[in-house]
Amino acid sequence: MHKRIAVDLAKSVYQVAESVHVGQVSQRKRLSREAFQRYIQEQIEPVEWVMEACGTAHYWGRLAQSLGHRVILLHARYVRPYRRRNKTDRNDCDAILEAGRCKGIHPVPVKSHEQQQVQQLHGLRETWKKSRTQRINLLRGILREAGIEAPAATAAFLRAAQELVDRPEVAPLSGQLHIVLAEINLYEQCMIECEQQLKRWHADDEIVHKLDEVSGIGLLTASALKAAVGQPERFASGRQLSAWLGMTPREYSSGNSRKLGHISRQGNTYVRTLLIHGARAALLAAQRCQAKTPERLTALQRWATQTAARIGHNKATVALANKMVRICWAVWCHERRFSGNWQSKQPA
């Protein structure tokens, strides 16, 4: 008889509901972290574990899989409609158990330890980048209040910052401003170290190198996309991957009325942001190539410039990012090199 166990994960208290017969809870437990770890190891027969894809879920999923169990991770958004009445650990556990029975809900794949490390390294770099931006804006504001105008570009500002904080207008705050400037330089160095670490980790990764060849895709985007997607075969087409990343239009339809709005913006916000920034750079490069050497435009660049002329620069940037995602899926799944002039051979 198949046994299914639903777990409501937490930091220190874990609610467990066991189900042997479909739709019935045979036993409930409330365990500490150490007791929950022993509880997983005590399951001798293969068990189906159902959990929300939240903090520590991938760790517990890997632990259960290493013992021969099956793990189903569900997105919290799909579990919420199954919860009845008040929000308690017991009701959350019942909701996870009910959601796990729905075959239409696609589970979240359990990430490997290496995938999570790459994502955490990207998260550290993004955190340091935000902190650096905060310090730069703080320094700009202080200098502006003293009547000192700083360069607009970040690189130019960092080059001139040392001279600006030594101006006599801000002499009483010179010591504190040098501390802020040292923090900016520290965050800048931390970001550089993160990028160098990513280069070392992916020096021999063929998938990252193939994705890196796509227009608008660099090391950061390629490594983040590989860590987020994991198994591209779980997407039947490039459009499914694009929809998973929130790059397809949001639909609001009823009956014969069908309305498509802006992109859904669901999925991984960080990867989608990198893709759109990369598409913006690729579109600008295509427009420069069109102005100087139009005969060297690839089919993809020609499509991007024509789209920008028709619907505007920003919309064309998002459209190009959508196409880039589909190209990445094709390069990844079909194991071929990127070509800006590639044409699909579809039967008539």
# chains A, B, ... in the order shown; residues from 1 in each chain; ligands from 1
>>> residues_around(residues="Met324 in chain A", least_positions_apart="2", cutoff="10 Å", atoms="only C-alpha atoms", output="PyMOL selection string")
chain A and resi 211+214-217+238+242+275-276+278-279+300+318-322+326-330
>>> select_by_dssp(residues="range 53-181 of chain A", states="helix (DSSP H, G or I)", output="ChimeraX atom specification")
/A:57-66,76-82,89-101,113-145,154-164,168-181
>>> write_last_selection(atoms="C-alpha atoms", output="PDB file, in the first residue's frame")
ATOM      1  CA  ALA A  57      12.790  22.208   0.961  1.00  0.00           C
ATOM      2  CA  HIS A  58      15.500  21.271  -1.540  1.00  0.00           C
ATOM      3  CA  TYR A  59      17.822  20.152   1.266  1.00  0.00           C
ATOM      4  CA  TRP A  60      15.206  17.845   2.782  1.00  0.00           C
ATOM      5  CA  GLY A  61      14.236  16.704  -0.714  1.00  0.00           C
ATOM      6  CA  ARG A  62      17.818  15.678  -1.496  1.00  0.00           C
ATOM      7  CA  LEU A  63      18.053  13.869   1.848  1.00  0.00           C
ATOM      8  CA  ALA A  64      14.861  11.904   1.177  1.00  0.00           C
ATOM      9  CA  GLN A  65      15.912  11.091  -2.396  1.00  0.00           C
ATOM     10  CA  SER A  66      19.276   9.781  -1.191  1.00  0.00           C
ATOM     11  CA  ALA A  76       3.117  27.642  -2.410  1.00  0.00           C
ATOM     12  CA  ARG A  77       0.760  29.538  -4.731  1.00  0.00           C
ATOM     13  CA  TYR A  78      -0.844  26.262  -5.829  1.00  0.00           C
ATOM     14  CA  VAL A  79      -1.145  24.921  -2.278  1.00  0.00           C
ATOM     15  CA  ARG A  80      -2.918  27.975  -0.858  1.00  0.00           C
ATOM     16  CA  PRO A  81      -6.338  27.350  -2.535  1.00  0.00           C
ATOM     17  CA  TYR A  82      -6.558  23.933  -0.838  1.00  0.00           C
ATOM     18  CA  ASP A  89       0.350  24.184  10.574  1.00  0.00           C
ATOM     19  CA  ARG A  90      -2.207  21.382  10.631  1.00  0.00           C
ATOM     20  CA  ASN A  91      -4.390  22.971   7.947  1.00  0.00           C
ATOM     21  CA  ASP A  92      -1.317  23.792   5.848  1.00  0.00           C
ATOM     22  CA  CYS A  93      -0.279  20.146   6.041  1.00  0.00           C
ATOM     23  CA  ASP A  94      -3.726  18.995   4.921  1.00  0.00           C
ATOM     24  CA  ALA A  95      -3.624  21.484   2.038  1.00  0.00           C
ATOM     25  CA  ILE A  96      -0.244  20.136   0.906  1.00  0.00           C
ATOM     26  CA  LEU A  97      -1.640  16.610   1.030  1.00  0.00           C
ATOM     27  CA  GLU A  98      -4.681  17.575  -1.074  1.00  0.00           C
ATOM     28  CA  ALA A  99      -2.627  19.564  -3.591  1.00  0.00           C
ATOM     29  CA  GLY A 100      -0.282  16.611  -4.025  1.00  0.00           C
ATOM     30  CA  ARG A 101      -3.217  14.548  -5.326  1.00  0.00           C
ATOM     31  CA  HIS A 113      23.610  21.343  -4.134  1.00  0.00           C
ATOM     32  CA  GLU A 114      25.666  22.814  -6.999  1.00  0.00           C
ATOM     33  CA  GLN A 115      22.602  24.546  -8.472  1.00  0.00           C
ATOM     34  CA  GLN A 116      21.800  26.167  -5.168  1.00  0.00           C
ATOM     35  CA  GLN A 117      25.398  27.306  -4.679  1.00  0.00           C
ATOM     36  CA  VAL A 118      25.387  29.043  -8.070  1.00  0.00           C
ATOM     37  CA  GLN A 119      22.079  30.737  -7.254  1.00  0.00           C
ATOM     38  CA  GLN A 120      23.374  31.794  -3.835  1.00  0.00           C
ATOM     39  CA  LEU A 121      26.496  33.274  -5.431  1.00  0.00           C
ATOM     40  CA  HIS A 122      24.264  35.282  -7.783  1.00  0.00           C
ATOM     41  CA  GLY A 123      22.200  36.362  -4.777  1.00  0.00           C
ATOM     42  CA  LEU A 124      25.304  37.553  -2.932  1.00  0.00           C
ATOM     43  CA  ARG A 125      26.430  39.558  -5.957  1.00  0.00           C
ATOM     44  CA  GLU A 126      22.978  41.128  -6.321  1.00  0.00           C
ATOM     45  CA  THR A 127      22.900  42.047  -2.611  1.00  0.00           C
ATOM     46  CA  TRP A 128      26.320  43.680  -2.820  1.00  0.00           C
ATOM     47  CA  LYS A 129      25.247  45.535  -5.962  1.00  0.00           C
ATOM     48  CA  LYS A 130      22.194  46.966  -4.167  1.00  0.00           C
ATOM     49  CA  SER A 131      24.323  47.976  -1.180  1.00  0.00           C
ATOM     50  CA  ARG A 132      26.839  49.645  -3.472  1.00  0.00           C
ATOM     51  CA  THR A 133      24.044  51.560  -5.224  1.00  0.00           C
ATOM     52  CA  GLN A 134      22.697  52.707  -1.846  1.00  0.00           C
ATOM     53  CA  ARG A 135      26.113  54.043  -0.806  1.00  0.00           C
ATOM     54  CA  ILE A 136      26.623  55.778  -4.165  1.00  0.00           C
ATOM     55  CA  ASN A 137      23.226  57.490  -3.923  1.00  0.00           C
ATOM     56  CA  LEU A 138      23.985  58.498  -0.324  1.00  0.00           C
ATOM     57  CA  LEU A 139      27.289  60.040  -1.394  1.00  0.00           C
ATOM     58  CA  ARG A 140      25.649  61.786  -4.352  1.00  0.00           C
ATOM     59  CA  GLY A 141      23.004  63.325  -2.098  1.00  0.00           C
ATOM     60  CA  ILE A 142      25.522  64.625   0.432  1.00  0.00           C
ATOM     61  CA  LEU A 143      27.706  66.127  -2.305  1.00  0.00           C
ATOM     62  CA  ARG A 144      24.712  67.674  -4.073  1.00  0.00           C
ATOM     63  CA  GLU A 145      23.555  69.378  -0.860  1.00  0.00           C
ATOM     64  CA  THR A 154      28.643  55.055 -12.064  1.00  0.00           C
ATOM     65  CA  ALA A 155      32.120  54.338 -13.456  1.00  0.00           C
ATOM     66  CA  ALA A 156      32.869  58.045 -13.889  1.00  0.00           C
ATOM     67  CA  PHE A 157      31.560  58.766 -10.390  1.00  0.00           C
ATOM     68  CA  LEU A 158      33.807  56.132  -8.825  1.00  0.00           C
ATOM     69  CA  ARG A 159      36.840  57.555 -10.627  1.00  0.00           C
ATOM     70  CA  ALA A 160      36.095  61.091  -9.407  1.00  0.00           C
ATOM     71  CA  ALA A 161      34.766  60.181  -5.932  1.00  0.00           C
ATOM     72  CA  GLN A 162      38.129  60.356  -4.154  1.00  0.00           C
ATOM     73  CA  GLU A 163      38.684  63.920  -5.333  1.00  0.00           C
ATOM     74  CA  LEU A 164      35.091  64.982  -4.623  1.00  0.00           C
ATOM     75  CA  PRO A 168      36.604  71.936   1.197  1.00  0.00           C
ATOM     76  CA  GLU A 169      32.779  72.160   1.053  1.00  0.00           C
ATOM     77  CA  VAL A 170      32.485  68.788   2.804  1.00  0.00           C
ATOM     78  CA  ALA A 171      35.644  68.984   4.914  1.00  0.00           C
ATOM     79  CA  PRO A 172      33.811  68.469   8.278  1.00  0.00           C
ATOM     80  CA  LEU A 173      32.436  65.155   6.976  1.00  0.00           C
ATOM     81  CA  SER A 174      35.612  64.036   5.250  1.00  0.00           C
ATOM     82  CA  GLY A 175      36.289  61.112   7.608  1.00  0.00           C
ATOM     83  CA  GLN A 176      32.759  59.705   7.347  1.00  0.00           C
ATOM     84  CA  LEU A 177      32.642  60.155   3.560  1.00  0.00           C
ATOM     85  CA  HIS A 178      35.902  58.235   3.184  1.00  0.00           C
ATOM     86  CA  ILE A 179      34.284  55.375   5.128  1.00  0.00           C
ATOM     87  CA  VAL A 180      31.340  55.393   2.711  1.00  0.00           C
ATOM     88  CA  LEU A 181      33.771  55.440  -0.213  1.00  0.00           C
TER      89      LEU A 181
END
>>> residues_around(residues="range 39-42 of chain A", least_positions_apart="5", cutoff="12 Å", atoms="only C-alpha atoms", output="PDB file with N, CA and C atoms, in the first residue's frame")
ATOM      1  N   ILE A   5       3.431  11.154   2.696  1.00  0.00           N
ATOM      2  CA  ILE A   5       3.642  11.982   3.889  1.00  0.00           C
ATOM      3  C   ILE A   5       3.748  13.430   3.451  1.00  0.00           C
ATOM      4  N   ALA A   6       2.888  14.276   4.007  1.00  0.00           N
ATOM      5  CA  ALA A   6       2.939  15.720   3.748  1.00  0.00           C
ATOM      6  C   ALA A   6       3.638  16.399   4.909  1.00  0.00           C
ATOM      7  N   VAL A   7       4.496  17.361   4.587  1.00  0.00           N
ATOM      8  CA  VAL A   7       5.296  18.041   5.605  1.00  0.00           C
ATOM      9  C   VAL A   7       5.136  19.548   5.445  1.00  0.00           C
ATOM     10  N   TYR A  14       8.178  21.065  12.756  1.00  0.00           N
ATOM     11  CA  TYR A  14       7.754  20.450  11.501  1.00  0.00           C
ATOM     12  C   TYR A  14       6.464  19.668  11.743  1.00  0.00           C
ATOM     13  N   GLN A  15       5.412  20.044  11.015  1.00  0.00           N
ATOM     14  CA  GLN A  15       4.137  19.351  11.097  1.00  0.00           C
ATOM     15  C   GLN A  15       4.089  18.284  10.013  1.00  0.00           C
ATOM     16  N   VAL A  16       3.716  17.060  10.390  1.00  0.00           N
ATOM     17  CA  VAL A  16       3.718  15.919   9.477  1.00  0.00           C
ATOM     18  C   VAL A  16       2.343  15.281   9.488  1.00  0.00           C
ATOM     19  N   GLU A  18       0.565  11.780   7.784  1.00  0.00           N
ATOM     20  CA  GLU A  18       0.739  10.544   7.024  1.00  0.00           C
ATOM     21  C   GLU A  18      -0.596  10.116   6.430  1.00  0.00           C
ATOM     22  N   LYS A  29       1.958  14.218  13.291  1.00  0.00           N
ATOM     23  CA  LYS A  29       3.064  14.387  14.228  1.00  0.00           C
ATOM     24  C   LYS A  29       3.566  15.818  14.167  1.00  0.00           C
ATOM     25  N   ARG A  30       4.107  16.275  15.272  1.00  0.00           N
ATOM     26  CA  ARG A  30       4.726  17.601  15.370  1.00  0.00           C
ATOM     27  C   ARG A  30       6.126  17.385  15.910  1.00  0.00           C
ATOM     28  N   LEU A  31       7.135  17.623  15.063  1.00  0.00           N
ATOM     29  CA  LEU A  31       8.498  17.213  15.356  1.00  0.00           C
ATOM     30  C   LEU A  31       9.444  18.399  15.370  1.00  0.00           C
ATOM     31  N   SER A  32      10.523  18.255  16.121  1.00  0.00           N
ATOM     32  CA  SER A  32      11.624  19.215  16.063  1.00  0.00           C
ATOM     33  C   SER A  32      12.509  18.875  14.873  1.00  0.00           C
ATOM     34  N   ARG A  33      13.515  19.708  14.618  1.00  0.00           N
ATOM     35  CA  ARG A  33      14.386  19.476  13.465  1.00  0.00           C
ATOM     36  C   ARG A  33      15.130  18.152  13.582  1.00  0.00           C
ATOM     37  N   GLU A  34      15.690  17.870  14.757  1.00  0.00           N
ATOM     38  CA  GLU A  34      16.431  16.627  14.937  1.00  0.00           C
ATOM     39  C   GLU A  34      15.505  15.420  14.855  1.00  0.00           C
ATOM     40  N   VAL A  47       8.716   5.975   0.355  1.00  0.00           N
ATOM     41  CA  VAL A  47       7.604   6.857   0.733  1.00  0.00           C
ATOM     42  C   VAL A  47       7.574   8.033  -0.229  1.00  0.00           C
ATOM     43  N   GLU A  48       6.387   8.557  -0.476  1.00  0.00           N
ATOM     44  CA  GLU A  48       6.242   9.763  -1.286  1.00  0.00           C
ATOM     45  C   GLU A  48       6.119  10.965  -0.351  1.00  0.00           C
ATOM     46  N   TRP A  49       7.099  11.853  -0.394  1.00  0.00           N
ATOM     47  CA  TRP A  49       7.110  13.040   0.456  1.00  0.00           C
ATOM     48  C   TRP A  49       6.584  14.223  -0.346  1.00  0.00           C
ATOM     49  N   TRP A  60      15.926  19.019   2.300  1.00  0.00           N
ATOM     50  CA  TRP A  60      15.206  17.845   2.782  1.00  0.00           C
ATOM     51  C   TRP A  60      14.836  16.929   1.618  1.00  0.00           C
ATOM     52  N   GLY A  61      14.542  17.523   0.453  1.00  0.00           N
ATOM     53  CA  GLY A  61      14.236  16.704  -0.714  1.00  0.00           C
ATOM     54  C   GLY A  61      15.420  15.856  -1.136  1.00  0.00           C
ATOM     55  N   ARG A  62      16.617  16.452  -1.139  1.00  0.00           N
ATOM     56  CA  ARG A  62      17.818  15.678  -1.496  1.00  0.00           C
ATOM     57  C   ARG A  62      18.081  14.580  -0.475  1.00  0.00           C
ATOM     58  N   LEU A  63      17.844  14.880   0.805  1.00  0.00           N
ATOM     59  CA  LEU A  63      18.053  13.869   1.848  1.00  0.00           C
ATOM     60  C   LEU A  63      17.106  12.697   1.658  1.00  0.00           C
ATOM     61  N   ALA A  64      15.836  12.977   1.381  1.00  0.00           N
ATOM     62  CA  ALA A  64      14.861  11.904   1.177  1.00  0.00           C
ATOM     63  C   ALA A  64      15.167  11.113  -0.089  1.00  0.00           C
ATOM     64  N   GLN A  65      15.580  11.788  -1.151  1.00  0.00           N
ATOM     65  CA  GLN A  65      15.912  11.091  -2.396  1.00  0.00           C
ATOM     66  C   GLN A  65      17.129  10.182  -2.225  1.00  0.00           C
ATOM     67  N   SER A  66      18.094  10.612  -1.409  1.00  0.00           N
ATOM     68  CA  SER A  66      19.276   9.781  -1.191  1.00  0.00           C
ATOM     69  C   SER A  66      18.937   8.485  -0.466  1.00  0.00           C
ATOM     70  N   LEU A  67      17.783   8.444   0.228  1.00  0.00           N
ATOM     71  CA  LEU A  67      17.339   7.241   0.935  1.00  0.00           C
ATOM     72  C   LEU A  67      16.366   6.414   0.106  1.00  0.00           C
ATOM     73  N   GLY A  68      16.173   6.811  -1.158  1.00  0.00           N
ATOM     74  CA  GLY A  68      15.329   6.031  -2.044  1.00  0.00           C
ATOM     75  C   GLY A  68      13.876   6.435  -2.080  1.00  0.00           C
ATOM     76  N   HIS A  69      13.523   7.580  -1.523  1.00  0.00           N
ATOM     77  CA  HIS A  69      12.130   8.026  -1.503  1.00  0.00           C
ATOM     78  C   HIS A  69      11.839   8.922  -2.709  1.00  0.00           C
ATOM     79  N   ARG A  70      10.556   9.125  -2.975  1.00  0.00           N
ATOM     80  CA  ARG A  70      10.109  10.034  -4.030  1.00  0.00           C
ATOM     81  C   ARG A  70       9.692  11.347  -3.384  1.00  0.00           C
ATOM     82  N   VAL A  71      10.110  12.461  -3.972  1.00  0.00           N
ATOM     83  CA  VAL A  71       9.852  13.778  -3.400  1.00  0.00           C
ATOM     84  C   VAL A  71       9.069  14.614  -4.398  1.00  0.00           C
TER      85      VAL A  71
END
>>> closest_residue(among="A:Ile311, A:Ala222, A:Ala299, A:Ala291", to="Gly340 in chain A", atoms="only C-alpha atoms")
A:Ala299
>>> select_by_dssp(residues="range 189-304 of chain A", states="strand (DSSP E or B)", output="MDAnalysis selection string")
chainID A and resid 249:254 257:263
>>> write_last_selection(atoms="N, CA and C atoms", output="PDB file, in the first residue's frame")
ATOM      1  N   PRO A 249       2.663  37.006 -22.839  1.00  0.00           N
ATOM      2  CA  PRO A 249       1.582  37.919 -22.434  1.00  0.00           C
ATOM      3  C   PRO A 249       0.650  37.305 -21.404  1.00  0.00           C
ATOM      4  N   ARG A 250       0.158  38.151 -20.543  1.00  0.00           N
ATOM      5  CA  ARG A 250      -0.845  37.730 -19.559  1.00  0.00           C
ATOM      6  C   ARG A 250      -2.201  37.686 -20.243  1.00  0.00           C
ATOM      7  N   GLU A 251      -2.900  36.581 -20.083  1.00  0.00           N
ATOM      8  CA  GLU A 251      -4.182  36.405 -20.771  1.00  0.00           C
ATOM      9  C   GLU A 251      -5.344  36.563 -19.792  1.00  0.00           C
ATOM     10  N   TYR A 252      -6.369  37.277 -20.235  1.00  0.00           N
ATOM     11  CA  TYR A 252      -7.603  37.434 -19.458  1.00  0.00           C
ATOM     12  C   TYR A 252      -8.749  37.212 -20.429  1.00  0.00           C
ATOM     13  N   SER A 253      -9.268  35.986 -20.461  1.00  0.00           N
ATOM     14  CA  SER A 253     -10.243  35.616 -21.473  1.00  0.00           C
ATOM     15  C   SER A 253     -11.475  35.014 -20.829  1.00  0.00           C
ATOM     16  N   SER A 254     -12.598  35.165 -21.512  1.00  0.00           N
ATOM     17  CA  SER A 254     -13.858  34.577 -21.090  1.00  0.00           C
ATOM     18  C   SER A 254     -14.757  34.459 -22.312  1.00  0.00           C
ATOM     19  N   SER A 257     -14.404  36.340 -25.801  1.00  0.00           N
ATOM     20  CA  SER A 257     -13.551  37.510 -25.574  1.00  0.00           C
ATOM     21  C   SER A 257     -12.177  37.051 -25.102  1.00  0.00           C
ATOM     22  N   ARG A 258     -11.148  37.432 -25.830  1.00  0.00           N
ATOM     23  CA  ARG A 258      -9.770  37.041 -25.500  1.00  0.00           C
ATOM     24  C   ARG A 258      -8.914  38.294 -25.449  1.00  0.00           C
ATOM     25  N   LYS A 259      -8.310  38.531 -24.303  1.00  0.00           N
ATOM     26  CA  LYS A 259      -7.512  39.733 -24.109  1.00  0.00           C
ATOM     27  C   LYS A 259      -6.113  39.342 -23.668  1.00  0.00           C
ATOM     28  N   LEU A 260      -5.116  39.841 -24.387  1.00  0.00           N
ATOM     29  CA  LEU A 260      -3.715  39.634 -24.049  1.00  0.00           C
ATOM     30  C   LEU A 260      -3.131  40.959 -23.602  1.00  0.00           C
ATOM     31  N   GLY A 261      -2.527  40.962 -22.407  1.00  0.00           N
ATOM     32  CA  GLY A 261      -1.964  42.193 -21.863  1.00  0.00           C
ATOM     33  C   GLY A 261      -0.449  42.189 -21.888  1.00  0.00           C
ATOM     34  N   HIS A 262       0.141  42.809 -20.887  1.00  0.00           N
ATOM     35  CA  HIS A 262       1.599  42.838 -20.780  1.00  0.00           C
ATOM     36  C   HIS A 262       2.111  41.469 -20.354  1.00  0.00           C
ATOM     37  N   ILE A 263       3.414  41.303 -20.299  1.00  0.00           N
ATOM     38  CA  ILE A 263       3.977  40.011 -19.925  1.00  0.00           C
ATOM     39  C   ILE A 263       3.550  39.670 -18.497  1.00  0.00           C
TER      40      ILE A 263
END
>>> atom_distance(atom1="CA of Ile207 in chain A", atom2="CA of Cys333 in chain A")
9.7 Å
>>> closest_residue(among="A:Gly147, A:Pro294, A:Gly267, A:Gly312", to="Val229 in chain A", atoms="only C-alpha atoms")
A:Gly267
>>> atom_distance(atom1="CA of Gly246 in chain A", atom2="CA of Cys194 in chain A")
26.6 Å
>>> atom_distance(atom1="CA of Ala316 in chain A", atom2="CA of Leu283 in chain A")
8.1 Å
>>> decode(residues="range 16-78 of chain A", atoms="C-alpha atoms", output="PDB file, in the first residue's frame")
ATOM      1  CA  VAL A  16       3.718  15.919   9.477  1.00  0.00           C
ATOM      2  CA  ALA A  17       0.609  14.176   8.156  1.00  0.00           C
ATOM      3  CA  GLU A  18       0.739  10.544   7.024  1.00  0.00           C
ATOM      4  CA  SER A  19      -1.767   9.166   4.519  1.00  0.00           C
ATOM      5  CA  VAL A  20      -2.149   5.532   3.516  1.00  0.00           C
ATOM      6  CA  HIS A  21      -5.657   5.646   2.079  1.00  0.00           C
ATOM      7  CA  VAL A  22      -6.303   8.386  -0.478  1.00  0.00           C
ATOM      8  CA  GLY A  23      -7.921  11.449   1.082  1.00  0.00           C
ATOM      9  CA  GLN A  24      -7.517  10.228   4.679  1.00  0.00           C
ATOM     10  CA  VAL A  25      -4.925  11.221   7.272  1.00  0.00           C
ATOM     11  CA  SER A  26      -3.915   8.211   9.339  1.00  0.00           C
ATOM     12  CA  GLN A  27      -1.432   9.897  11.669  1.00  0.00           C
ATOM     13  CA  ARG A  28      -0.183  13.373  12.574  1.00  0.00           C
ATOM     14  CA  LYS A  29       3.064  14.387  14.228  1.00  0.00           C
ATOM     15  CA  ARG A  30       4.726  17.601  15.370  1.00  0.00           C
ATOM     16  CA  LEU A  31       8.498  17.213  15.356  1.00  0.00           C
ATOM     17  CA  SER A  32      11.624  19.215  16.063  1.00  0.00           C
ATOM     18  CA  ARG A  33      14.386  19.476  13.465  1.00  0.00           C
ATOM     19  CA  GLU A  34      16.431  16.627  14.937  1.00  0.00           C
ATOM     20  CA  ALA A  35      13.364  14.435  15.381  1.00  0.00           C
ATOM     21  CA  PHE A  36      12.254  15.144  11.809  1.00  0.00           C
ATOM     22  CA  GLN A  37      15.658  14.100  10.449  1.00  0.00           C
ATOM     23  CA  ARG A  38      15.436  10.840  12.403  1.00  0.00           C
ATOM     24  CA  TYR A  39      11.864  10.401  11.200  1.00  0.00           C
ATOM     25  CA  ILE A  40      12.999  10.527   7.546  1.00  0.00           C
ATOM     26  CA  GLN A  41      15.748   7.985   8.187  1.00  0.00           C
ATOM     27  CA  GLU A  42      13.326   5.650  10.001  1.00  0.00           C
ATOM     28  CA  GLN A  43      11.184   5.210   6.875  1.00  0.00           C
ATOM     29  CA  ILE A  44      12.381   1.849   5.581  1.00  0.00           C
ATOM     30  CA  GLU A  45       9.908   1.382   2.729  1.00  0.00           C
ATOM     31  CA  PRO A  46       9.849   3.912  -0.157  1.00  0.00           C
ATOM     32  CA  VAL A  47       7.604   6.857   0.733  1.00  0.00           C
ATOM     33  CA  GLU A  48       6.242   9.763  -1.286  1.00  0.00           C
ATOM     34  CA  TRP A  49       7.110  13.040   0.456  1.00  0.00           C
ATOM     35  CA  VAL A  50       5.064  16.132  -0.421  1.00  0.00           C
ATOM     36  CA  MET A  51       6.348  19.560   0.620  1.00  0.00           C
ATOM     37  CA  GLU A  52       6.068  23.196  -0.367  1.00  0.00           C
ATOM     38  CA  ALA A  53       8.989  24.542  -2.394  1.00  0.00           C
ATOM     39  CA  CYS A  54      10.137  26.946   0.323  1.00  0.00           C
ATOM     40  CA  GLY A  55      13.249  27.458   2.429  1.00  0.00           C
ATOM     41  CA  THR A  56      15.210  24.222   3.154  1.00  0.00           C
ATOM     42  CA  ALA A  57      12.790  22.208   0.961  1.00  0.00           C
ATOM     43  CA  HIS A  58      15.500  21.271  -1.540  1.00  0.00           C
ATOM     44  CA  TYR A  59      17.822  20.152   1.266  1.00  0.00           C
ATOM     45  CA  TRP A  60      15.206  17.845   2.782  1.00  0.00           C
ATOM     46  CA  GLY A  61      14.236  16.704  -0.714  1.00  0.00           C
ATOM     47  CA  ARG A  62      17.818  15.678  -1.496  1.00  0.00           C
ATOM     48  CA  LEU A  63      18.053  13.869   1.848  1.00  0.00           C
ATOM     49  CA  ALA A  64      14.861  11.904   1.177  1.00  0.00           C
ATOM     50  CA  GLN A  65      15.912  11.091  -2.396  1.00  0.00           C
ATOM     51  CA  SER A  66      19.276   9.781  -1.191  1.00  0.00           C
ATOM     52  CA  LEU A  67      17.339   7.241   0.935  1.00  0.00           C
ATOM     53  CA  GLY A  68      15.329   6.031  -2.044  1.00  0.00           C
ATOM     54  CA  HIS A  69      12.130   8.026  -1.503  1.00  0.00           C
ATOM     55  CA  ARG A  70      10.109  10.034  -4.030  1.00  0.00           C
ATOM     56  CA  VAL A  71       9.852  13.778  -3.400  1.00  0.00           C
ATOM     57  CA  ILE A  72       7.200  16.173  -4.723  1.00  0.00           C
ATOM     58  CA  LEU A  73       7.769  19.900  -4.196  1.00  0.00           C
ATOM     59  CA  LEU A  74       4.748  22.132  -4.838  1.00  0.00           C
ATOM     60  CA  HIS A  75       4.689  25.873  -5.401  1.00  0.00           C
ATOM     61  CA  ALA A  76       3.117  27.642  -2.410  1.00  0.00           C
ATOM     62  CA  ARG A  77       0.760  29.538  -4.731  1.00  0.00           C
ATOM     63  CA  TYR A  78      -0.844  26.262  -5.829  1.00  0.00           C
TER      64      TYR A  78
END
